[in-house]
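Engineer: Handing over structure.txt, compact mmCIF, C-alpha atoms and all ligand atoms.
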# COMPACT_ATOMS: atom_id res chain seq x y z
CA MET A 1 20.63 11.83 -41.19
CA SER A 2 20.46 8.60 -39.23
CA GLU A 3 17.17 7.57 -37.68
CA GLN A 4 18.99 7.46 -34.38
CA LEU A 5 19.88 11.17 -34.56
CA THR A 6 17.25 13.87 -34.05
CA VAL A 7 18.20 17.52 -34.42
CA VAL A 8 15.53 19.68 -32.81
CA ASN A 9 15.37 22.56 -35.25
CA HIS A 10 12.36 24.25 -33.69
CA PRO A 11 12.80 28.06 -33.98
CA LEU A 12 12.52 28.59 -30.21
CA VAL A 13 15.30 26.06 -29.58
CA GLN A 14 17.54 27.58 -32.25
CA HIS A 15 16.93 31.11 -30.96
CA LYS A 16 17.77 30.21 -27.37
CA LEU A 17 20.82 28.23 -28.45
CA THR A 18 22.20 31.26 -30.30
CA LEU A 19 21.84 33.38 -27.16
CA MET A 20 23.61 30.68 -25.15
CA ARG A 21 26.49 30.52 -27.61
CA GLU A 22 27.22 34.26 -27.35
CA LYS A 23 30.27 34.77 -25.18
CA ASP A 24 28.84 37.85 -23.46
CA THR A 25 25.74 36.05 -22.17
CA SER A 26 25.91 36.21 -18.36
CA THR A 27 25.93 33.14 -16.09
CA ALA A 28 22.40 33.99 -14.94
CA GLY A 29 21.23 34.42 -18.53
CA PHE A 30 22.91 31.19 -19.60
CA ARG A 31 21.23 29.28 -16.78
CA THR A 32 17.79 30.68 -17.57
CA LEU A 33 18.18 29.81 -21.25
CA LEU A 34 19.41 26.32 -20.41
CA ARG A 35 16.36 25.71 -18.22
CA GLU A 36 14.05 26.94 -20.96
CA ILE A 37 15.74 24.98 -23.73
CA SER A 38 15.78 21.83 -21.61
CA LEU A 39 11.97 21.96 -21.39
CA LEU A 40 11.77 22.13 -25.17
CA LEU A 41 14.30 19.33 -25.67
CA ALA A 42 12.53 17.21 -23.05
CA TYR A 43 9.41 17.47 -25.17
CA GLU A 44 11.30 15.84 -28.06
CA VAL A 45 13.26 13.19 -26.12
CA THR A 46 10.10 11.99 -24.34
CA ARG A 47 8.13 11.67 -27.58
CA GLY A 48 6.80 8.15 -27.84
CA LEU A 49 6.90 7.39 -24.10
CA ASP A 50 4.30 4.81 -23.15
CA LEU A 51 1.11 6.04 -21.57
CA THR A 52 -1.08 4.18 -19.16
CA THR A 53 -4.58 5.25 -18.14
CA LYS A 54 -6.06 6.51 -14.94
CA HIS A 55 -9.72 6.75 -14.07
CA ILE A 56 -10.61 10.36 -13.27
CA GLU A 57 -13.76 12.38 -12.76
CA THR A 58 -14.04 15.56 -14.83
CA PRO A 59 -16.74 18.04 -13.74
CA ILE A 60 -18.91 16.39 -16.40
CA CYS A 61 -18.31 12.63 -16.09
CA GLY A 62 -15.81 9.87 -15.41
CA MET A 63 -13.20 8.87 -17.96
CA ASP A 64 -10.11 6.72 -18.39
CA ALA A 65 -7.51 9.35 -19.20
CA PRO A 66 -3.91 8.91 -20.49
CA ILE A 67 -1.14 9.44 -17.99
CA LEU A 68 2.64 8.91 -17.93
CA ASP A 69 4.14 6.48 -15.51
CA GLY A 70 6.93 8.79 -14.36
CA LYS A 71 8.30 6.11 -12.02
CA LYS A 72 9.27 4.06 -15.06
CA LEU A 73 11.60 6.79 -16.27
CA ALA A 74 15.19 7.21 -15.09
CA LEU A 75 17.03 10.44 -15.85
CA ILE A 76 20.78 10.09 -15.60
CA SER A 77 22.88 13.22 -15.37
CA ILE A 78 26.53 13.11 -16.33
CA LEU A 79 28.06 15.43 -13.75
CA ARG A 80 28.39 18.23 -13.58
CA ALA A 81 27.04 19.90 -16.70
CA GLY A 82 24.25 17.33 -17.07
CA ASN A 83 22.52 18.86 -14.05
CA GLY A 84 21.69 21.95 -16.08
CA LEU A 85 19.56 19.88 -18.45
CA LEU A 86 18.23 17.65 -15.67
CA ASP A 87 16.49 20.43 -13.72
CA GLY A 88 14.24 21.47 -16.59
CA ILE A 89 13.23 17.91 -17.45
CA LEU A 90 12.41 17.19 -13.81
CA GLU A 91 10.01 20.12 -13.82
CA LEU A 92 8.09 18.36 -16.58
CA ILE A 93 8.36 14.84 -15.15
CA PRO A 94 8.73 15.26 -11.38
CA ALA A 95 8.12 11.55 -10.64
CA ALA A 96 11.12 10.41 -12.70
CA ARG A 97 13.87 8.59 -10.84
CA VAL A 98 17.27 10.25 -11.05
CA GLY A 99 20.82 8.98 -11.18
CA PHE A 100 24.23 10.63 -11.38
CA ILE A 101 27.43 9.56 -13.05
CA GLY A 102 30.55 11.51 -12.20
CA LEU A 103 33.08 11.52 -15.00
CA TYR A 104 35.72 14.11 -15.71
CA ARG A 105 37.82 14.45 -18.78
CA ASP A 106 41.52 13.98 -18.22
CA PRO A 107 42.84 17.17 -19.85
CA GLU A 108 45.82 15.33 -21.36
CA THR A 109 44.19 12.20 -22.73
CA LEU A 110 40.60 13.55 -22.97
CA LYS A 111 39.60 10.11 -21.59
CA PRO A 112 36.81 9.91 -18.98
CA VAL A 113 37.73 9.16 -15.37
CA GLN A 114 34.86 7.92 -13.15
CA TYR A 115 34.51 9.38 -9.64
CA TYR A 116 30.80 8.83 -8.81
CA TYR A 117 28.07 6.36 -9.77
CA LYS A 118 24.63 6.24 -8.17
CA VAL A 119 21.66 5.16 -10.28
CA PRO A 120 18.08 3.97 -9.57
CA ALA A 121 17.40 0.26 -9.05
CA GLU A 122 15.78 -1.93 -11.71
CA LEU A 123 17.17 -0.03 -14.67
CA GLU A 124 16.19 -2.95 -16.91
CA ASP A 125 12.52 -1.99 -16.45
CA ARG A 126 12.97 1.72 -17.12
CA ILE A 127 13.34 4.08 -20.01
CA VAL A 128 16.69 5.70 -19.30
CA ILE A 129 17.43 9.21 -20.55
CA VAL A 130 21.08 10.21 -20.21
CA VAL A 131 21.67 13.96 -20.21
CA ASP A 132 24.89 15.85 -20.93
CA PRO A 133 24.85 19.21 -22.75
CA MET A 134 27.95 18.63 -24.89
CA LEU A 135 28.55 15.53 -27.00
CA ALA A 136 32.17 16.30 -27.90
CA THR A 137 34.59 13.34 -28.24
CA GLY A 138 31.79 11.03 -27.08
CA ASN A 139 34.20 9.38 -24.59
CA SER A 140 32.18 10.32 -21.47
CA SER A 141 28.82 9.44 -22.99
CA VAL A 142 30.07 6.09 -24.24
CA ALA A 143 31.63 5.32 -20.85
CA ALA A 144 28.44 6.37 -19.01
CA ILE A 145 26.27 4.20 -21.25
CA ASP A 146 28.70 1.27 -20.86
CA LEU A 147 28.18 1.53 -17.08
CA LEU A 148 24.39 1.81 -17.40
CA LYS A 149 24.22 -1.24 -19.62
CA LYS A 150 26.31 -3.15 -17.04
CA SER A 151 23.65 -2.11 -14.50
CA GLY A 152 20.98 -3.66 -16.70
CA ALA A 153 19.67 -0.68 -18.72
CA ARG A 154 18.37 -1.74 -22.12
CA ASN A 155 16.20 1.14 -23.29
CA ILE A 156 18.47 4.19 -23.35
CA ARG A 157 18.21 7.61 -25.03
CA PHE A 158 20.83 10.36 -25.01
CA LEU A 159 19.97 14.05 -24.80
CA CYS A 160 22.44 16.86 -25.42
CA LEU A 161 22.42 20.48 -26.47
CA LEU A 162 25.30 20.46 -28.93
CA ALA A 163 26.99 17.58 -30.71
CA ALA A 164 30.21 17.32 -32.71
CA PRO A 165 30.29 14.90 -35.68
CA GLU A 166 33.17 13.07 -33.96
CA GLY A 167 31.05 12.43 -30.85
CA ILE A 168 28.05 11.29 -32.83
CA LYS A 169 30.21 8.84 -34.79
CA ARG A 170 31.80 7.46 -31.62
CA MET A 171 28.41 7.02 -29.94
CA GLN A 172 26.82 5.41 -32.96
CA GLU A 173 29.72 2.97 -33.28
CA ALA A 174 29.72 2.04 -29.57
CA HIS A 175 25.97 2.21 -28.91
CA PRO A 176 24.02 2.05 -32.17
CA ASP A 177 20.86 1.22 -30.20
CA VAL A 178 20.87 4.58 -28.38
CA PRO A 179 18.98 7.42 -30.09
CA ILE A 180 20.59 10.86 -29.79
CA VAL A 181 18.55 14.06 -29.50
CA THR A 182 20.40 17.37 -29.88
CA ALA A 183 19.64 21.01 -30.67
CA ALA A 184 22.52 21.28 -33.20
CA VAL A 185 25.40 19.44 -34.81
CA ASP A 186 28.44 21.73 -35.01
CA SER A 187 31.46 21.69 -37.29
CA HIS A 188 34.25 19.81 -35.46
CA LEU A 189 36.35 19.53 -32.30
CA ASN A 190 39.41 21.68 -31.72
CA ASP A 191 42.74 20.35 -30.37
CA HIS A 192 41.49 20.69 -26.78
CA GLY A 193 38.36 18.66 -27.47
CA TYR A 194 36.06 21.70 -27.50
CA ILE A 195 33.18 21.88 -29.93
CA VAL A 196 33.64 24.49 -32.71
CA PRO A 197 31.90 26.95 -32.88
CA GLY A 198 30.24 25.56 -29.71
CA LEU A 199 29.54 27.62 -26.64
CA GLY A 200 32.70 27.06 -24.59
CA ASP A 201 32.77 24.99 -21.42
CA ALA A 202 29.13 24.30 -20.56
CA GLY A 203 29.87 23.62 -16.87
CA ASP A 204 31.86 26.83 -16.48
CA ARG A 205 29.21 28.85 -18.25
CA MET A 206 26.32 27.50 -16.16
CA PHE A 207 28.10 27.58 -12.81
CA GLY A 208 30.21 30.70 -13.33
CA THR A 209 33.53 28.92 -12.82
CA LYS A 210 36.62 29.32 -14.95
N1 LIG B 1 32.59 20.09 -22.98
C1 LIG B 1 32.21 21.39 -22.97
O1 LIG B 1 31.72 21.89 -21.95
N2 LIG B 1 32.38 22.10 -24.09
C2 LIG B 1 32.86 21.59 -25.22
O2 LIG B 1 32.96 22.29 -26.23
C3 LIG B 1 33.25 20.23 -25.21
C4 LIG B 1 33.11 19.50 -24.07
Kindly present the structure from the file in structure tokens form.
Ligand code: URA

Structural biologist:
Amino acid sequence: MSEQLTVVNHPLVQHKLTLMREKDTSTAGFRTLLREISLLLAYEVTRGLDLTTKHIETPICGMDAPILDGKKLALISILRAGNGLLDGILELIPAARVGFIGLYRDPETLKPVQYYYKVPAELEDRIVIVVDPMLATGNSSVAAIDLLKKSGARNIRFLCLLAAPEGIKRMQEAHPDVPIVTAAVDSHLNDHGYIVPGLGDAGDRMFGTK
């Protein structure tokens, strides 16, 4: 496995992912699981973030204690399914700046079409975590990261729930500098660009649309 690919095989993550994959899991159940799993994945994708120190007083004495500089972090959600992962991570790092990239997949070509782009200023000074639950063809993720690099981002990580080998390959060819963190790598993509065995359409499952 490449150094740039981390599969989070923690039993809690794997257990929750199995429940999310099941087709009879309700929208409410899916959403709860996604929130929970996003906290666990956030733990992994934020490993190695820089800490600064803050002087505090404990009940016993003063100390210089480690603290994250949340303002240095930018979370970028690829709409709309990215928002499901975003919410959990924001609970852990509420000071993070947040951006949104709207891309939809043209159902014929499977190519990404941009309809929204709003990201925090000074991306060059931030650690940028791009979130999208499904790394399928990789077209949307590659296009989103292309745009972020044009905006100055240099230190980018990509967080997803499920990845297809095709998407990983495409990402690693286009953006070899971007580490990928995922809960699982599935078998392949079907003719409609869905991950097999996957969990279906992540957006539909989390928002109850069809
Ligand atoms: N997007 C999804 O929501 N599901 C897939 O399987 C692939 C892309």

Engineer: Residues of chain A that have any atom at most 7 Å from an atom of ligand LIG 1 (chain B): could you tabulate them with the shortest-distance atom pair and the distance in Å to one decimal, using only C-alpha atoms and all ligand atoms, ordered by chain and increasing number, as a Markdown table?

Structural biologist:
| residue | atom | partner | partner_atom | distance |
| --- | --- | --- | --- | --- |
| A:Met134 | CA | B:LIG1 | N1 | 5.2 |
| A:Leu135 | CA | B:LIG1 | C4 | 6.7 |
| A:Ala136 | CA | B:LIG1 | C3 | 4.9 |
| A:Gly193 | CA | B:LIG1 | C3 | 5.8 |
| A:Tyr194 | CA | B:LIG1 | O2 | 3.4 |
| A:Ile195 | CA | B:LIG1 | O2 | 3.7 |
| A:Val196 | CA | B:LIG1 | O2 | 6.9 |
| A:Gly198 | CA | B:LIG1 | O2 | 5.5 |
| A:Leu199 | CA | B:LIG1 | O2 | 6.3 |
| A:Gly200 | CA | B:LIG1 | N2 | 5.0 |
| A:Asp201 | CA | B:LIG1 | O1 | 3.3 |
| A:Ala202 | CA | B:LIG1 | O1 | 3.8 |
| A:Gly203 | CA | B:LIG1 | O1 | 5.7 |

Engineer: State, in Å with one decimal place, the distance from CA of Arg105 (chain A) to CA of Asp132 (chain A).

Structural biologist: 13.2 Å

Engineer: Residues of region 22-137 of chain A that have any atom at most 10 Å from an atom of region 164-183 of chain A: could you tabulate them with the shortest-distance atom pair and the distance in Å to one decimal, using all atoms listed in the file, ordered by chain and increasing number, as CSV?

Structural biologist:
residue,atom,partner,partner_atom,distance
A:Ile37,CA,A:Ala183,CA,8.9
A:Ser38,CA,A:Ala183,CA,9.9
A:Leu40,CA,A:Ala183,CA,9.7
A:Leu41,CA,A:Ala183,CA,7.5
A:Ala42,CA,A:Val181,CA,9.4
A:Glu44,CA,A:Val181,CA,7.6
A:Val45,CA,A:Val181,CA,6.3
A:Ile129,CA,A:Val178,CA,9.7
A:Val130,CA,A:Ile180,CA,9.6
A:Val131,CA,A:Val181,CA,9.8
A:Pro133,CA,A:Thr182,CA,8.6
A:Met134,CA,A:Ala164,CA,8.2
A:Leu135,CA,A:Gly167,CA,5.5
A:Ala136,CA,A:Gly167,CA,5.0
A:Thr137,CA,A:Gly167,CA,4.5

Engineer: When you count only C-alpha atoms, which of these residues is closest to Val119 (chain A): A:Gly82, A:Gly48, A:Gly152, A:Gly62?

Structural biologist: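 Of the candidates, the smallest distance to Val119 (chain A) is held by A:Gly152.
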
Engineer: Go through A:Arg205, A:Lys210, A:Val142, A:Leu90 one by one, measure the shortest atom-to-atom distance of each to Asp24 (chain A) using all atoms listed in the file, and give the residue with the smallest value.

Structural biologist: A:Arg205

Engineer: To one decimal place in Å, what is the distance between CA of Val13 (chain A) and CA of Ala153 (chain A)?

Structural biologist: 29.2 Å

Engineer: Counting only C-alpha atoms, which residue out of A:Thr109, A:Asn155, A:Asn9, A:Ser140 sits closest to Glu122 (chain A)?

Structural biologist: A:Asn155

Engineer: Nearest to Asp87 (chain A): which of A:Glu57, A:Asp186, A:Glu124, A:Glu36 is it, counting only C-alpha atoms?

Structural biologist: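 Looking only at the distances to Asp87 (chain A), the closest residue turns out to be A:Glu36.
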
Engineer: Using all atoms listed in the file, which of the listed residues (A:Ala121, A:Val113, A:Val7, A:Arg154) sits closest to Asn139 (chain A)?

Structural biologist: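 Comparing A:Ala121, A:Val113, A:Val7, A:Arg154 against Asn139 (chain A), the winner is A:Val113.
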